[in-house]
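Asker: Pasting in a structure now, in structure tokens, and then I'll have a few things to ask.
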Amino acid sequence: MNVSSPPVRHRHSVSEFQRMAQAGIVVEDDRIELIDGDLIDMAPIGSRHAGAVKRLASLLHAAARGTAVVSVQDPLQIDSYSQPQPDIALLRSRADFYAESHPQPADVLLIVEVAEASLNYDRDVKVPLYARHGIPEVWLLDVAGRCLTVFRAPGSDGYGEQRRIVSAESISPALLPAAVVDLTGLL
């Protein structure tokens with residue numbers, strides 16, 4: 001008797017993902033990130049998305065004044081099976097600027113995801129992933145809806161605090177309160 005078994009999911013590890021890149025199977029222009037062992041095609045970047053990322057990166061760079069590293073669309077090693085590429089990560093300062101290894105959750109002060117076509121995915125998949133791994137704060141900018149949702153107080157079930165901002169005001173990352181960011185022009 002032939003018993004049929006369900007298909008088995010193969011979770012890719014970060015080290016396998018990196019070997020794929022070294023072998024040229026995955027190249028930098030592919031816009032793929034590793035989330036919970038799955039290779040995920042990232043949405044194409046539209047001009048409004050790109051402009052918002054550039055504006056926020058500039059604002060965060062000016063606000064941090066050299067007290068933190070502003071990382072734009074670079075890998076973040078969350079665990080052995082997840083290496084997302086957040087739009088912006090505000091990282092603890094490190095002398096090598098993370099040349100020796102990708103930042104990990106303990107290095108992160110703030111993650112910013114800018115969503116134009118990816119709002120549901122960013123909100124329902126990436127934000128909970130960040131919470132489970134203790135990322136202290138996430139800002140989710142909805143470009144089309146012209147609002148920013150601030151997530152703080154991470155836990156295994158998500159973020160305990162959420163605040164939706166719909167008008168131009170100033171905000172600071174909780175772990176870098178002196179870095180004041182004026183949201184005028186974004187909302």
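In the structure tokens, each chain is lettered A, B, ... as it comes, each chain's residues begin at 1, and ligands are numbered from 1 in order of appearance.
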Quick one: pick out all alpha helix (DSSP H) residues within region 5-113 of chain A from a backbone DSSP run and write them as a ChimeraX atom specification.
Answerer: /A:14-22,47-64
Asker: Can I get the selection written as a compact mmCIF listing (two decimals), in the first residue's frame, with N, CA and C atoms?
Answerer:
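The result, written out as again-v1.txt:
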# COMPACT_ATOMS: atom_id res chain seq x y z
N VAL A 14 20.00 31.26 7.05
CA VAL A 14 20.75 32.44 6.62
C VAL A 14 22.05 32.02 5.97
N SER A 15 22.73 31.01 6.53
CA SER A 15 24.00 30.57 5.94
C SER A 15 23.78 29.98 4.54
N GLU A 16 22.69 29.24 4.33
CA GLU A 16 22.37 28.74 2.99
C GLU A 16 22.08 29.90 2.04
N PHE A 17 21.33 30.87 2.51
CA PHE A 17 20.99 32.06 1.71
C PHE A 17 22.26 32.79 1.30
N GLN A 18 23.20 32.93 2.22
CA GLN A 18 24.46 33.61 1.92
C GLN A 18 25.30 32.80 0.94
N ARG A 19 25.27 31.46 1.05
CA ARG A 19 26.00 30.62 0.08
C ARG A 19 25.37 30.74 -1.30
N MET A 20 24.03 30.87 -1.37
CA MET A 20 23.37 31.08 -2.67
C MET A 20 23.85 32.38 -3.30
N ALA A 21 24.03 33.40 -2.48
CA ALA A 21 24.51 34.69 -3.00
C ALA A 21 25.95 34.57 -3.47
N GLN A 22 26.79 33.88 -2.70
CA GLN A 22 28.19 33.69 -3.09
C GLN A 22 28.32 32.90 -4.38
N SER A 47 8.41 55.28 -7.12
CA SER A 47 9.09 56.56 -6.88
C SER A 47 8.66 57.20 -5.56
N ARG A 48 7.36 57.08 -5.19
CA ARG A 48 6.92 57.64 -3.91
C ARG A 48 7.58 56.91 -2.74
N HIS A 49 7.69 55.60 -2.85
CA HIS A 49 8.37 54.80 -1.83
C HIS A 49 9.83 55.23 -1.73
N ALA A 50 10.51 55.29 -2.85
CA ALA A 50 11.93 55.66 -2.87
C ALA A 50 12.14 57.06 -2.29
N GLY A 51 11.28 58.00 -2.67
CA GLY A 51 11.39 59.35 -2.14
C GLY A 51 11.19 59.41 -0.64
N ALA A 52 10.23 58.64 -0.13
CA ALA A 52 9.98 58.62 1.31
C ALA A 52 11.17 58.02 2.06
N VAL A 53 11.76 56.97 1.51
CA VAL A 53 12.93 56.36 2.15
C VAL A 53 14.08 57.36 2.19
N LYS A 54 14.32 58.03 1.07
CA LYS A 54 15.41 59.02 1.03
C LYS A 54 15.17 60.16 2.02
N ARG A 55 13.93 60.65 2.08
CA ARG A 55 13.60 61.75 2.98
C ARG A 55 13.79 61.32 4.44
N LEU A 56 13.24 60.15 4.81
CA LEU A 56 13.37 59.67 6.18
C LEU A 56 14.82 59.39 6.55
N ALA A 57 15.58 58.80 5.63
CA ALA A 57 16.99 58.53 5.91
C ALA A 57 17.74 59.84 6.16
N SER A 58 17.46 60.84 5.36
CA SER A 58 18.10 62.13 5.54
C SER A 58 17.72 62.76 6.88
N LEU A 59 16.43 62.70 7.21
CA LEU A 59 15.96 63.25 8.47
C LEU A 59 16.57 62.52 9.67
N LEU A 60 16.62 61.20 9.60
CA LEU A 60 17.20 60.43 10.71
C LEU A 60 18.70 60.67 10.83
N HIS A 61 19.37 60.77 9.70
CA HIS A 61 20.81 61.04 9.73
C HIS A 61 21.08 62.39 10.40
N ALA A 62 20.33 63.40 10.02
CA ALA A 62 20.51 64.73 10.61
C ALA A 62 20.13 64.72 12.10
N ALA A 63 19.05 64.03 12.44
CA ALA A 63 18.58 64.01 13.83
C ALA A 63 19.52 63.22 14.73
N ALA A 64 20.10 62.14 14.23
CA ALA A 64 20.99 61.30 15.05
C ALA A 64 22.34 61.96 15.27
Asker: Excluding Ala106 (chain A) and any residue of its chain fewer than 5 positions from it, enumerate the residues within 9 Å of it, using only C-alpha atoms, and give them as a PDB file with all heavy atoms, in the first residue's frame.
Answerer:
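Heads up, here's the output in around_20.pdb:
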ATOM      1  N   ARG A  92      22.892  51.043  16.651  1.00  0.00           N
ATOM      2  CA  ARG A  92      23.888  51.511  17.614  1.00  0.00           C
ATOM      3  C   ARG A  92      25.191  51.757  16.858  1.00  0.00           C
ATOM      4  O   ARG A  92      25.532  51.009  15.940  1.00  0.00           O
ATOM      5  CB  ARG A  92      24.113  50.466  18.702  1.00  0.00           C
ATOM      6  CG  ARG A  92      22.878  50.213  19.535  1.00  0.00           C
ATOM      7  CD  ARG A  92      23.148  49.204  20.655  1.00  0.00           C
ATOM      8  NE  ARG A  92      21.898  48.808  21.269  1.00  0.00           N
ATOM      9  CZ  ARG A  92      21.188  49.541  22.114  1.00  0.00           C
ATOM     10  NH1 ARG A  92      21.622  50.735  22.455  1.00  0.00           N
ATOM     11  NH2 ARG A  92      20.052  49.097  22.627  1.00  0.00           N
ATOM     12  N   GLY A 134      12.462  41.134  19.547  1.00  0.00           N
ATOM     13  CA  GLY A 134      12.827  42.189  20.477  1.00  0.00           C
ATOM     14  C   GLY A 134      13.285  43.498  19.876  1.00  0.00           C
ATOM     15  O   GLY A 134      13.907  44.304  20.572  1.00  0.00           O
ATOM     16  N   ILE A 135      12.977  43.735  18.598  1.00  0.00           N
ATOM     17  CA  ILE A 135      13.303  45.039  18.011  1.00  0.00           C
ATOM     18  C   ILE A 135      12.473  46.070  18.780  1.00  0.00           C
ATOM     19  O   ILE A 135      11.244  45.989  18.801  1.00  0.00           O
ATOM     20  CB  ILE A 135      12.983  45.077  16.503  1.00  0.00           C
ATOM     21  CG1 ILE A 135      13.747  43.989  15.742  1.00  0.00           C
ATOM     22  CG2 ILE A 135      13.239  46.467  15.931  1.00  0.00           C
ATOM     23  CD1 ILE A 135      15.243  44.080  15.784  1.00  0.00           C
TER      24      ILE A 135
END
Asker: Env of Arg94 (chain A): 10 Å cut, atoms = only C-alpha atoms, seq-sep filter 4 positions within chain, self excluded. Answer as a ChimeraX atom specification.
Answerer: /A:67-69,98-99,103,107
Asker: From region 42-118 of chain A, collect each residue whose DSSP state is strand (DSSP E or B) and return the set as a list of chain:residue names.
Answerer: A:Ala68, A:Val69, A:Val70, A:Ser71, A:Val72, A:Asp79, A:Ser82, A:Gln83, A:Ile88, A:Ala89, A:Leu90, A:Leu91, A:Arg92, A:Val108, A:Leu109, A:Leu110, A:Ile111, A:Val112, A:Glu113, A:Val114, A:Ala115
Asker: I'd like to know which of A:Gly185, A:Gly66, A:Pro136, A:Pro7 is closest to Ala153 (chain A), using only C-alpha atoms.
Answerer: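 Among A:Gly185, A:Gly66, A:Pro136, A:Pro7, it is A:Pro136 that comes nearest to Ala153 (chain A).
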